[in-house]
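Printed here is input.cif (mmCIF, C-alpha atoms):
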data_final
#
loop_
_atom_site.label_atom_id
_atom_site.label_comp_id
_atom_site.auth_asym_id
_atom_site.auth_seq_id
_atom_site.Cartn_x
_atom_site.Cartn_y
_atom_site.Cartn_z
CA MET A 1004 16.67 -26.17 -19.09
CA ALA A 1005 13.15 -27.05 -17.98
CA LYS A 1006 13.67 -24.88 -14.89
CA ALA A 1007 13.95 -21.78 -17.08
CA SER A 1008 10.39 -22.18 -18.36
CA LYS A 1009 9.10 -21.42 -14.84
CA GLN A 1010 11.43 -18.46 -14.36
CA TYR A 1011 10.62 -16.24 -17.36
CA GLY A 1012 13.28 -17.97 -19.45
CA LEU A 1013 16.00 -17.50 -16.83
CA ILE A 1014 18.29 -19.98 -15.13
CA THR A 1015 21.23 -19.73 -12.73
CA ARG A 1016 24.63 -21.37 -13.05
CA ALA A 1017 23.89 -23.47 -9.97
CA GLN A 1018 20.63 -24.71 -11.48
CA ILE A 1019 22.36 -25.60 -14.76
CA LEU A 1020 25.07 -27.55 -12.93
CA GLN A 1021 22.42 -29.35 -10.87
CA SER A 1022 20.81 -30.48 -14.13
CA GLY A 1023 24.02 -32.29 -15.06
CA LEU A 1024 25.59 -29.81 -17.45
CA THR A 1025 29.26 -28.89 -16.90
CA ASP A 1026 31.02 -25.54 -16.89
CA ASP A 1027 32.33 -26.38 -20.36
CA GLY A 1028 28.74 -27.00 -21.47
CA ILE A 1029 27.71 -23.58 -20.16
CA TRP A 1030 30.66 -21.93 -21.93
CA TRP A 1031 29.76 -23.65 -25.20
CA ARG A 1032 26.13 -22.50 -25.04
CA LEU A 1033 27.22 -18.96 -24.28
CA ARG A 1034 29.58 -19.03 -27.25
CA LYS A 1035 27.01 -20.30 -29.71
CA GLY A 1036 24.36 -17.90 -28.35
CA SER A 1037 21.75 -20.26 -26.90
CA LEU A 1038 22.42 -18.66 -23.48
CA LYS A 1039 23.12 -15.03 -22.60
CA GLU A 1040 24.43 -13.90 -19.23
CA VAL A 1041 22.18 -11.08 -17.97
CA LEU A 1042 23.64 -10.86 -14.47
CA PRO A 1043 26.57 -12.67 -12.86
CA SER A 1044 25.68 -16.41 -12.93
CA VAL A 1045 22.17 -15.65 -14.23
CA TYR A 1046 21.38 -16.56 -17.83
CA ARG A 1047 18.54 -15.99 -20.27
CA VAL A 1048 17.60 -18.67 -22.75
CA THR A 1049 17.71 -17.31 -26.29
CA GLY A 1050 14.21 -16.59 -27.56
CA ALA A 1051 12.65 -16.00 -24.15
CA ARG A 1052 10.26 -13.04 -24.24
CA ARG A 1053 11.69 -9.91 -22.64
CA CYS A 1054 9.54 -8.18 -20.02
CA TRP A 1055 9.73 -6.27 -16.74
CA GLU A 1056 8.88 -9.42 -14.78
CA GLN A 1057 11.86 -11.16 -16.37
CA ASP A 1058 14.20 -8.36 -15.30
CA LEU A 1059 12.80 -8.53 -11.77
CA MET A 1060 13.17 -12.31 -11.65
CA ALA A 1061 16.77 -11.95 -12.85
CA ALA A 1062 17.53 -9.62 -9.94
CA LYS A 1063 15.88 -12.05 -7.51
CA LEU A 1064 17.87 -15.01 -8.89
CA TRP A 1065 21.07 -13.00 -8.63
CA GLY A 1066 20.14 -12.16 -5.01
CA GLY A 1067 20.20 -15.83 -4.11
CA GLU A 1068 18.44 -17.83 -1.42
CA GLY A 1069 15.87 -15.76 0.45
CA ALA A 1070 15.92 -12.83 -1.98
CA VAL A 1071 12.48 -11.39 -2.76
CA ALA A 1072 10.96 -8.55 -4.75
CA SER A 1073 10.19 -5.70 -2.35
CA TYR A 1074 9.21 -2.05 -1.97
CA ARG A 1075 8.06 -0.52 -5.32
CA SER A 1076 8.52 -3.76 -7.24
CA ALA A 1077 6.47 -5.68 -4.68
CA ALA A 1078 3.73 -3.04 -4.78
CA ALA A 1079 3.62 -3.35 -8.57
CA LEU A 1080 3.35 -7.16 -8.38
CA TRP A 1081 0.48 -6.82 -5.91
CA GLY A 1082 -1.24 -4.34 -8.24
CA PHE A 1083 -1.40 -1.52 -5.70
CA ALA A 1084 -2.82 1.70 -7.14
CA GLY A 1085 -0.13 4.09 -8.36
CA PHE A 1086 2.51 1.41 -8.74
CA GLY A 1087 3.43 -0.34 -11.96
CA PRO A 1088 6.40 -1.86 -13.79
CA GLY A 1089 9.30 0.47 -13.16
CA PRO A 1090 12.31 0.56 -10.84
CA LEU A 1091 13.55 -2.88 -9.83
CA GLU A 1092 13.88 -3.44 -6.07
CA ILE A 1093 14.71 -6.57 -4.13
CA SER A 1094 15.60 -7.42 -0.55
CA ALA A 1095 18.69 -9.61 -0.27
CA LEU A 1096 21.96 -9.81 1.65
CA LYS A 1097 24.18 -9.18 -1.38
CA GLN A 1098 25.56 -5.81 -2.49
CA ASN A 1099 24.84 -4.77 -6.06
CA ARG A 1100 28.16 -4.27 -7.84
CA THR A 1101 26.90 -5.60 -11.15
CA GLY A 1102 26.60 -2.24 -12.89
CA THR A 1103 22.94 -3.04 -13.58
CA ALA A 1104 20.32 -0.57 -12.36
CA PHE A 1105 18.37 -2.30 -9.64
CA LYS A 1106 18.14 -1.46 -5.95
CA VAL A 1107 19.01 -3.91 -3.21
CA HIS A 1108 17.69 -3.45 0.33
CA ARG A 1109 20.27 -5.39 2.28
CA ILE A 1110 18.06 -7.34 4.62
CA LEU A 1111 16.79 -10.89 4.69
CA VAL A 1112 13.01 -10.83 5.00
CA ASP A 1113 11.48 -13.36 7.39
CA PRO A 1114 9.88 -16.11 5.26
CA ALA A 1115 6.68 -15.57 7.27
CA PHE A 1116 6.36 -12.23 5.45
CA THR A 1117 6.95 -13.53 1.93
CA THR A 1118 4.81 -15.14 -0.73
CA SER A 1119 4.75 -15.41 -4.54
CA LYS A 1120 3.03 -13.25 -7.16
CA LEU A 1121 3.18 -14.01 -10.88
CA GLY A 1122 5.71 -16.71 -10.06
CA ILE A 1123 8.12 -14.27 -8.41
CA PRO A 1124 8.99 -14.47 -4.69
CA VAL A 1125 7.79 -11.25 -3.08
CA THR A 1126 7.04 -9.67 0.29
CA ASN A 1127 3.49 -10.32 1.49
CA ALA A 1128 0.80 -7.62 1.57
CA PHE A 1129 1.58 -6.44 5.11
CA ARG A 1130 5.34 -6.26 4.58
CA THR A 1131 4.90 -4.54 1.20
CA LEU A 1132 2.63 -1.94 2.82
CA ARG A 1133 5.03 -1.53 5.75
CA ASP A 1134 7.94 -0.88 3.36
CA ALA A 1135 6.04 1.22 0.82
CA VAL A 1136 4.80 3.82 3.32
CA THR A 1137 8.42 4.67 4.15
CA ILE A 1138 9.14 5.83 0.59
CA ILE A 1139 5.94 7.70 -0.29
CA SER A 1140 4.19 10.73 1.20
CA LEU A 1141 1.97 10.39 4.24
CA LYS A 1142 -1.02 11.28 2.06
CA ARG A 1143 -0.22 8.42 -0.33
CA GLY A 1144 0.50 6.18 2.63
CA ASN A 1145 -2.98 6.84 4.02
CA GLN A 1146 -4.53 6.10 0.64
CA LEU A 1147 -2.52 2.89 0.27
CA LEU A 1148 -3.51 1.66 3.72
CA ASP A 1149 -7.18 2.29 2.93
CA GLU A 1150 -6.81 0.47 -0.39
CA LEU A 1151 -5.47 -2.67 1.31
CA LEU A 1152 -8.23 -2.53 3.92
CA ARG A 1153 -10.89 -2.27 1.22
CA LYS A 1154 -9.38 -5.19 -0.68
CA GLY A 1155 -9.28 -7.31 2.47
CA LEU A 1156 -5.52 -7.82 2.19
CA VAL A 1157 -5.06 -6.59 5.76
CA SER A 1158 -7.38 -5.80 8.69
CA MET A 1159 -7.15 -3.26 11.49
CA THR A 1160 -6.78 -6.07 14.02
CA SER A 1161 -3.95 -7.79 12.15
CA LEU A 1162 -2.22 -4.48 11.48
CA ARG A 1163 -2.28 -3.45 15.13
CA GLU A 1164 -0.84 -6.79 16.19
CA ALA A 1165 1.84 -6.68 13.49
CA VAL A 1166 3.07 -3.12 14.05
CA ASP A 1167 3.25 -3.69 17.80
CA ARG A 1168 5.75 -6.51 17.16
CA ASP A 1169 7.73 -4.81 14.38
CA ARG A 1170 10.28 -2.20 15.46
CA GLY A 1171 10.79 -1.13 11.86
CA ALA A 1172 7.13 -0.28 11.30
CA GLY A 1173 7.24 3.24 12.73
CA VAL A 1174 5.55 5.00 9.81
CA LEU A 1175 2.87 2.34 9.42
CA ARG A 1176 2.34 2.27 13.20
CA ARG A 1177 1.61 6.00 13.11
CA LEU A 1178 -0.94 5.56 10.32
CA VAL A 1179 -2.61 2.67 12.14
CA ASN A 1180 -2.72 4.45 15.51
CA GLU A 1181 -4.42 7.46 13.90
CA ARG A 1182 -7.39 5.23 13.04
CA ASP A 1183 -10.12 4.07 15.39
CA PRO A 1184 -10.21 0.30 16.14
CA ASP A 1185 -13.44 -0.01 14.12
CA TYR A 1186 -12.20 2.21 11.29
CA GLN A 1187 -13.46 1.46 7.80
CA PRO A 1188 -11.83 3.03 4.74
CA SER A 1189 -13.35 5.43 2.30
CA SER A 1190 -16.69 4.10 1.13
CA GLU A 1191 -18.95 4.66 -1.86
CA LEU A 1192 -20.80 7.21 0.28
CA GLN A 1193 -17.59 9.09 0.99
CA ALA A 1194 -16.71 9.06 -2.70
CA ALA A 1195 -20.19 10.40 -3.57
CA THR A 1196 -19.83 13.12 -0.93
CA ARG A 1197 -16.43 14.05 -2.32
CA ARG A 1198 -17.83 14.45 -5.84
CA LEU A 1199 -20.74 16.57 -4.59
CA LEU A 1200 -18.47 18.92 -2.62
CA ILE A 1201 -16.15 19.33 -5.60
CA ARG A 1202 -19.03 20.15 -7.97
CA ALA A 1203 -20.31 22.70 -5.46
CA GLY A 1204 -16.91 24.39 -5.28
CA ILE A 1205 -16.50 23.69 -1.56
CA GLU A 1206 -12.84 23.27 -0.61
CA PHE A 1207 -11.95 20.52 1.85
CA VAL A 1208 -9.21 18.29 3.21
CA GLU A 1209 -10.10 14.61 3.07
CA GLU A 1210 -9.18 12.12 5.80
CA PHE A 1211 -8.32 15.02 8.11
CA VAL A 1212 -6.58 14.18 11.40
CA VAL A 1213 -8.01 16.09 14.38
CA THR A 1214 -5.67 16.69 17.33
CA ASP A 1215 -6.11 18.38 20.68
CA ASP A 1216 -4.22 21.48 21.85
CA LYS A 1217 -1.28 19.25 22.86
CA GLY A 1218 -1.06 17.62 19.47
CA ASN A 1219 -2.55 14.32 20.61
CA PHE A 1220 -4.61 12.35 18.12
CA VAL A 1221 -8.37 12.67 18.64
CA ALA A 1222 -10.01 11.36 15.50
CA ARG A 1223 -9.77 11.08 11.74
CA VAL A 1224 -12.73 12.67 9.95
CA ASP A 1225 -13.85 12.17 6.37
CA PHE A 1226 -13.74 15.87 5.41
CA LYS A 1227 -12.61 19.12 7.03
CA LEU A 1228 -13.74 22.30 5.25
CA VAL A 1229 -10.90 24.66 4.38
CA GLY A 1230 -10.96 27.88 6.41
CA SER A 1231 -13.86 26.74 8.57
CA PRO A 1232 -14.11 24.61 11.74
CA VAL A 1233 -16.65 22.31 10.11
CA VAL A 1234 -16.16 18.60 9.50
CA ILE A 1235 -18.28 16.12 7.55
CA GLU A 1236 -18.68 12.48 8.55
CA SER A 1237 -20.15 9.78 6.31
CA ASP A 1238 -22.66 7.68 8.25
CA GLY A 1239 -21.49 4.59 6.36
CA ARG A 1240 -18.05 4.86 7.92
CA ALA A 1241 -18.59 2.16 10.55
CA ASN A 1242 -21.11 -0.50 11.45
CA HIS A 1243 -23.56 0.75 14.06
CA SER A 1244 -24.97 -2.58 15.12
CA SER A 1245 -24.68 -2.34 18.88
CA LYS A 1246 -25.14 -0.02 21.81
CA LEU A 1247 -21.35 0.09 22.17
CA ASP A 1248 -21.00 1.35 18.58
CA TRP A 1249 -23.64 3.98 19.21
CA GLN A 1250 -21.92 5.13 22.41
CA HIS A 1251 -18.56 5.26 20.64
CA ASP A 1252 -19.99 7.50 17.90
CA LEU A 1253 -21.60 9.76 20.51
CA ASP A 1254 -18.32 10.07 22.43
CA ARG A 1255 -16.50 10.80 19.19
CA ARG A 1256 -18.93 13.60 18.25
CA ASN A 1257 -18.71 15.08 21.74
CA LEU A 1258 -14.91 15.21 21.48
CA LEU A 1259 -15.09 16.99 18.13
CA THR A 1260 -17.67 19.45 19.44
CA ALA A 1261 -15.57 20.14 22.53
CA LEU A 1262 -12.73 21.16 20.21
CA GLY A 1263 -15.01 23.73 18.58
CA LEU A 1264 -15.80 21.78 15.44
CA GLY A 1265 -19.21 21.68 13.83
CA VAL A 1266 -20.13 18.16 12.64
CA ILE A 1267 -22.31 17.54 9.57
CA HIS A 1268 -23.43 13.97 8.90
CA ALA A 1269 -23.67 12.79 5.29
CA THR A 1270 -26.16 10.00 4.59
CA TRP A 1271 -26.59 8.07 1.36
CA ASP A 1272 -30.17 9.30 0.97
CA LYS A 1273 -29.28 12.94 1.47
CA VAL A 1274 -26.14 12.97 -0.68
CA THR A 1275 -27.67 11.08 -3.61
CA ASN A 1276 -31.38 12.01 -3.42
CA ARG A 1277 -31.35 15.41 -1.68
CA PRO A 1278 -27.99 16.97 -2.55
CA ASP A 1279 -29.27 20.57 -2.48
CA GLU A 1280 -30.54 20.06 1.06
CA PHE A 1281 -27.21 18.58 2.14
CA LEU A 1282 -25.21 21.41 0.57
CA ALA A 1283 -27.50 23.96 2.24
CA GLU A 1284 -26.69 22.39 5.62
CA VAL A 1285 -22.97 22.54 4.88
CA ARG A 1286 -23.07 26.19 3.81
CA SER A 1287 -25.23 27.11 6.78
CA ALA A 1288 -22.70 25.51 9.13
CA GLN A 1289 -19.92 27.40 7.36
CA ALA A 1290 -21.75 30.71 7.74
CA ARG A 1291 -22.47 30.18 11.45
CA ARG A 1292 -18.81 29.45 12.21
CA THR A 1293 -17.12 32.03 10.01
#
Would you encode the structure as structure tokens?
Amino acid sequence: MAKASKQYGLITRAQILQSGLTDDGIWWRLRKGSLKEVLPSVYRVTGARRCWEQDLMAAKLWGGEGAVASYRSAAALWGFAGFGPGPLEISALKQNRTGTAFKVHRILVDPAFTTSKLGIPVTNAFRTLRDAVTIISLKRGNQLLDELLRKGLVSMTSLREAVDRDRGAGVLRRLVNERDPDYQPSSELQAATRRLLIRAGIEFVEEFVVTDDKGNFVARVDFKLVGSPVVIESDGRANHSSKLDWQHDLDRRNLLTALGLGVIHATWDKVTNRPDEFLAEVRSAQARRT
């Protein structure tokens, strides 16, 4: 039963038989209570601590070779914001007719997109993101993508390469394509700007997608003021270390201006040290374009 110690106190019938125990030996242990069947051919050793991870591991063991925690369960294992121990979800080829409440996505995930978290086989960060954005709102999907970028779990380059190869990544592909190649997620400056606007009672939409008159993506801006064609960009959004970066930012501003939008730039100095001055600029822009 040594195997069970690495599997949250769980063991499968196949693993028990491989250890040398017979079917009669399994039956005897079930009868005397040292084993309890929690799912077909999956047993819990008496005394093993019960927890969500154990339930998830049981579902994975039931799923068999290649089964992995996925979707919400994978996001919880990775510690993604907004996800925690809850519904059990795995990806496996079997159909759940056990009567136990866990969801099975009937697909075998390519081993290249799997890993292990807390000792449980799970989809990797990219695949978990790719799956999660299909079951949450676009707003949450945008936030989740930014979270993974900030944590360094994915990069814009790797994402673009991956979604181009993955036919099932339609939602994630849309989120990626709405971002500039040098896009950086919400920064401390953006967070400080958000807090300042809220305290000032200025309504806004964050991470607003700007499109042209044909609905084509133009840019994603940090803030768009509600009821006014004014947008706010945090200067810490991208690295401006080259002439190419500078030209890109100039082209971006020209596109926004051509669409009739007024652009206000938020700097760390102005937002944190001269907030009244910054807010005056924002309100002045609002007044001019009302």
12 Å contact set for Ala1283 (chain A), only C-alpha atoms, chain neighbours under 2 positions out, as a PyMOL selection string: chain A and resi 1200+1203+1205+1267+1273-1274+1277-1281+1285-1290
Residues selected by the PyMOL selection byres ((chain A and resi 1220) around 12), written as an mmCIF file with C-alpha atoms, in the frame of the given file:
data_model
loop_
_atom_site.group_PDB
_atom_site.id
_atom_site.type_symbol
_atom_site.label_atom_id
_atom_site.label_comp_id
_atom_site.auth_asym_id
_atom_site.auth_seq_id
_atom_site.Cartn_x
_atom_site.Cartn_y
_atom_site.Cartn_z
ATOM 1 C CA ARG A 1177 1.610 6.000 13.110
ATOM 2 C CA LEU A 1178 -0.940 5.560 10.320
ATOM 3 C CA VAL A 1179 -2.610 2.670 12.140
ATOM 4 C CA ASN A 1180 -2.720 4.450 15.510
ATOM 5 C CA GLU A 1181 -4.420 7.460 13.900
ATOM 6 C CA ARG A 1182 -7.390 5.230 13.040
ATOM 7 C CA ASP A 1183 -10.120 4.070 15.390
ATOM 8 C CA PHE A 1211 -8.320 15.020 8.110
ATOM 9 C CA VAL A 1212 -6.580 14.180 11.400
ATOM 10 C CA VAL A 1213 -8.010 16.090 14.380
ATOM 11 C CA THR A 1214 -5.670 16.690 17.330
ATOM 12 C CA ASP A 1215 -6.110 18.380 20.680
ATOM 13 C CA ASP A 1216 -4.220 21.480 21.850
ATOM 14 C CA LYS A 1217 -1.280 19.250 22.860
ATOM 15 C CA GLY A 1218 -1.060 17.620 19.470
ATOM 16 C CA ASN A 1219 -2.550 14.320 20.610
ATOM 17 C CA VAL A 1221 -8.370 12.670 18.640
ATOM 18 C CA ALA A 1222 -10.010 11.360 15.500
ATOM 19 C CA ARG A 1223 -9.770 11.080 11.740
ATOM 20 C CA VAL A 1224 -12.730 12.670 9.950
ATOM 21 C CA LEU A 1258 -14.910 15.210 21.480
ATOM 22 C CA LEU A 1259 -15.090 16.990 18.130
#
One decimal, Å: what's the distance from CA of Asn1145 (chain A) over to CA of Lys1106 (chain A), could you say? 24.8 Å
Given the PyMOL selection byres ((chain A and resi 1134-1136) around 7) and the file above, list the residues it selects as an MDAnalysis selection string. chainID A and resid 1074:1075 1130:1133 1137:1139 1144 1174:1175
Residue among A:Val1234, A:Leu1080, A:Arg1034, A:Tyr1046 lying closest to Ile1019 (chain A), counting only C-alpha atoms: A:Tyr1046
So for region 1025-1036 of chain A, what box centre and size do we get, axis-aligned, 6 Å extra on each of the six sides, every listed atom, Å to one decimal, as JSON?
{"center_x": 28.3, "center_y": -23.4, "center_z": -23.3, "size_x": 20.0, "size_y": 23.0, "size_z": 24.8}
Tell me which residues the PyMOL selection byres ((chain A and resi 1007) around 10) grabs here, as a VMD selection string. chain A and resid 1004 to 1006 1008 to 1015 1018 to 1019 1046 to 1048 1051
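For the choices A:Arg1197, A:His1268, A:Arg1292, A:Arg1202, the atom-to-atom distance to Pro1232 (chain A) is smallest for A:Arg1292 when using only C-alpha atoms.
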Could you state the separation of CA of Leu1141 (chain A) and CA of Val1208 (chain A) in Å, given to one decimal place?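 CA of Leu1141 (chain A) sits 13.7 Å away from CA of Val1208 (chain A).
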Which residue of A:Leu1042, A:Leu1282, A:Ala1079, A:Leu1199 approaches Thr1103 (chain A) most closely, using all atoms listed in the file: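 Residue with the minimum atom-to-atom distance to Thr1103 (chain A): A:Leu1042.
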With only C-alpha atoms as the atoms that count, which of A:Trp1081, A:Trp1055, A:Phe1086, A:Trp1031 lies nearest to Pro1124 (chain A)?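 The shortest atom-to-atom distance to Pro1124 (chain A) comes from A:Trp1081.
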So that I can check the surroundings of Leu1064 (chain A), please list as an MDAnalysis selection string every protein, DNA and RNA residue that reaches within 9 Å of it, counting all atoms listed in the file and ignoring chain neighbours fewer than 3 positions away. chainID A and resid 1013:1015 1044:1045 1059:1061 1067:1068 1070:1071
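When only C-alpha atoms are used to compute distances to Asp1113 (chain A), the closest of the residues A:Gly1069, A:Gly1173, A:Arg1100, A:Gly1036 turns out to be A:Gly1069.
If you look at CA of Thr1270 (chain A) and CA of Glu1236 (chain A), they are 8.8 Å away from each other.
Minimum atom-to-atom distance to Leu1192 (chain A), evaluated using all atoms listed in the file, belongs to A:Ile1235 out of A:Ile1235, A:Leu1262, A:Leu1024, A:Ile1029.
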So that I can check the surroundings of Gln1146 (chain A), please list as a list in words every protein, DNA and RNA residue that reaches within 10 Å of it, counting all atoms listed in the file and ignoring chain neighbours fewer than 6 positions away. Ala1084, Val1136, Ser1140, Leu1152, Pro1188, Ser1189 and Glu1210 of chain A
Output for the residues just chosen: C-alpha atoms as a compact mmCIF listing (two decimals), in the frame of the given file:
# COMPACT_ATOMS: atom_id res chain seq x y z
CA ALA A 1084 -2.82 1.70 -7.14
CA VAL A 1136 4.80 3.82 3.32
CA SER A 1140 4.19 10.73 1.20
CA LEU A 1152 -8.23 -2.53 3.92
CA PRO A 1188 -11.83 3.03 4.74
CA SER A 1189 -13.35 5.43 2.30
CA GLU A 1210 -9.18 12.12 5.80
Provide region 1061-1089 of chain A rebuilt to N, CA and C atoms, formatted as a short mmCIF file (atom, residue, chain, number, x, y, z; two decimals), in the coordinates of the input.
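Output saved as rebuild-v7.cif:
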data_model
loop_
_atom_site.label_atom_id
_atom_site.label_comp_id
_atom_site.auth_asym_id
_atom_site.auth_seq_id
_atom_site.Cartn_x
_atom_site.Cartn_y
_atom_site.Cartn_z
N ALA A 1061 15.32 -11.86 -12.72
CA ALA A 1061 16.77 -11.95 -12.85
C ALA A 1061 17.45 -11.38 -11.60
N ALA A 1062 16.96 -10.22 -11.14
CA ALA A 1062 17.53 -9.62 -9.94
C ALA A 1062 17.33 -10.52 -8.74
N LYS A 1063 16.15 -11.15 -8.63
CA LYS A 1063 15.88 -12.05 -7.51
C LYS A 1063 16.82 -13.26 -7.56
N LEU A 1064 16.99 -13.84 -8.76
CA LEU A 1064 17.87 -15.01 -8.89
C LEU A 1064 19.31 -14.64 -8.56
N TRP A 1065 19.73 -13.48 -8.99
CA TRP A 1065 21.07 -13.00 -8.63
C TRP A 1065 21.20 -12.86 -7.11
N GLY A 1066 20.11 -12.39 -6.46
CA GLY A 1066 20.14 -12.16 -5.01
C GLY A 1066 20.32 -13.43 -4.20
N GLY A 1067 19.96 -14.56 -4.78
CA GLY A 1067 20.20 -15.83 -4.11
C GLY A 1067 19.09 -16.27 -3.17
N GLU A 1068 19.40 -17.24 -2.35
CA GLU A 1068 18.44 -17.83 -1.42
C GLU A 1068 17.86 -16.77 -0.50
N GLY A 1069 16.54 -16.71 -0.43
CA GLY A 1069 15.87 -15.76 0.45
C GLY A 1069 15.62 -14.40 -0.16
N ALA A 1070 16.16 -14.12 -1.34
CA ALA A 1070 15.92 -12.83 -1.98
C ALA A 1070 14.48 -12.75 -2.47
N VAL A 1071 13.87 -11.57 -2.32
CA VAL A 1071 12.48 -11.39 -2.76
C VAL A 1071 12.31 -10.00 -3.36
N ALA A 1072 11.36 -9.87 -4.27
CA ALA A 1072 10.96 -8.55 -4.75
C ALA A 1072 10.36 -7.77 -3.59
N SER A 1073 10.67 -6.48 -3.49
CA SER A 1073 10.19 -5.70 -2.35
C SER A 1073 9.97 -4.25 -2.75
N TYR A 1074 9.46 -3.48 -1.80
CA TYR A 1074 9.21 -2.05 -1.97
C TYR A 1074 8.40 -1.78 -3.24
N ARG A 1075 8.86 -0.90 -4.14
CA ARG A 1075 8.06 -0.52 -5.32
C ARG A 1075 7.76 -1.71 -6.21
N SER A 1076 8.74 -2.58 -6.39
CA SER A 1076 8.52 -3.76 -7.24
C SER A 1076 7.46 -4.67 -6.65
N ALA A 1077 7.48 -4.84 -5.33
CA ALA A 1077 6.47 -5.68 -4.68
C ALA A 1077 5.09 -5.05 -4.83
N ALA A 1078 5.01 -3.73 -4.64
CA ALA A 1078 3.73 -3.04 -4.78
C ALA A 1078 3.18 -3.20 -6.19
N ALA A 1079 4.06 -3.17 -7.18
CA ALA A 1079 3.62 -3.35 -8.57
C ALA A 1079 3.11 -4.77 -8.79
N LEU A 1080 3.80 -5.77 -8.24
CA LEU A 1080 3.35 -7.16 -8.38
C LEU A 1080 1.99 -7.37 -7.73
N TRP A 1081 1.76 -6.70 -6.61
CA TRP A 1081 0.48 -6.82 -5.91
C TRP A 1081 -0.62 -6.03 -6.61
N GLY A 1082 -0.24 -5.14 -7.53
CA GLY A 1082 -1.24 -4.34 -8.24
C GLY A 1082 -1.76 -3.18 -7.43
N PHE A 1083 -0.96 -2.65 -6.50
CA PHE A 1083 -1.40 -1.52 -5.70
C PHE A 1083 -1.54 -0.29 -6.60
N ALA A 1084 -2.56 0.51 -6.34
CA ALA A 1084 -2.82 1.70 -7.14
C ALA A 1084 -1.62 2.64 -7.11
N GLY A 1085 -1.24 3.16 -8.29
CA GLY A 1085 -0.13 4.09 -8.36
C GLY A 1085 1.21 3.45 -8.56
N PHE A 1086 1.25 2.13 -8.53
CA PHE A 1086 2.51 1.41 -8.74
C PHE A 1086 2.38 0.53 -9.98
N GLY A 1087 3.43 0.49 -10.77
CA GLY A 1087 3.43 -0.34 -11.96
C GLY A 1087 4.86 -0.72 -12.30
N PRO A 1088 5.04 -1.48 -13.37
CA PRO A 1088 6.40 -1.86 -13.79
C PRO A 1088 7.29 -0.63 -13.88
N GLY A 1089 8.41 -0.68 -13.20
CA GLY A 1089 9.30 0.47 -13.16
C GLY A 1089 10.61 0.08 -12.51
#
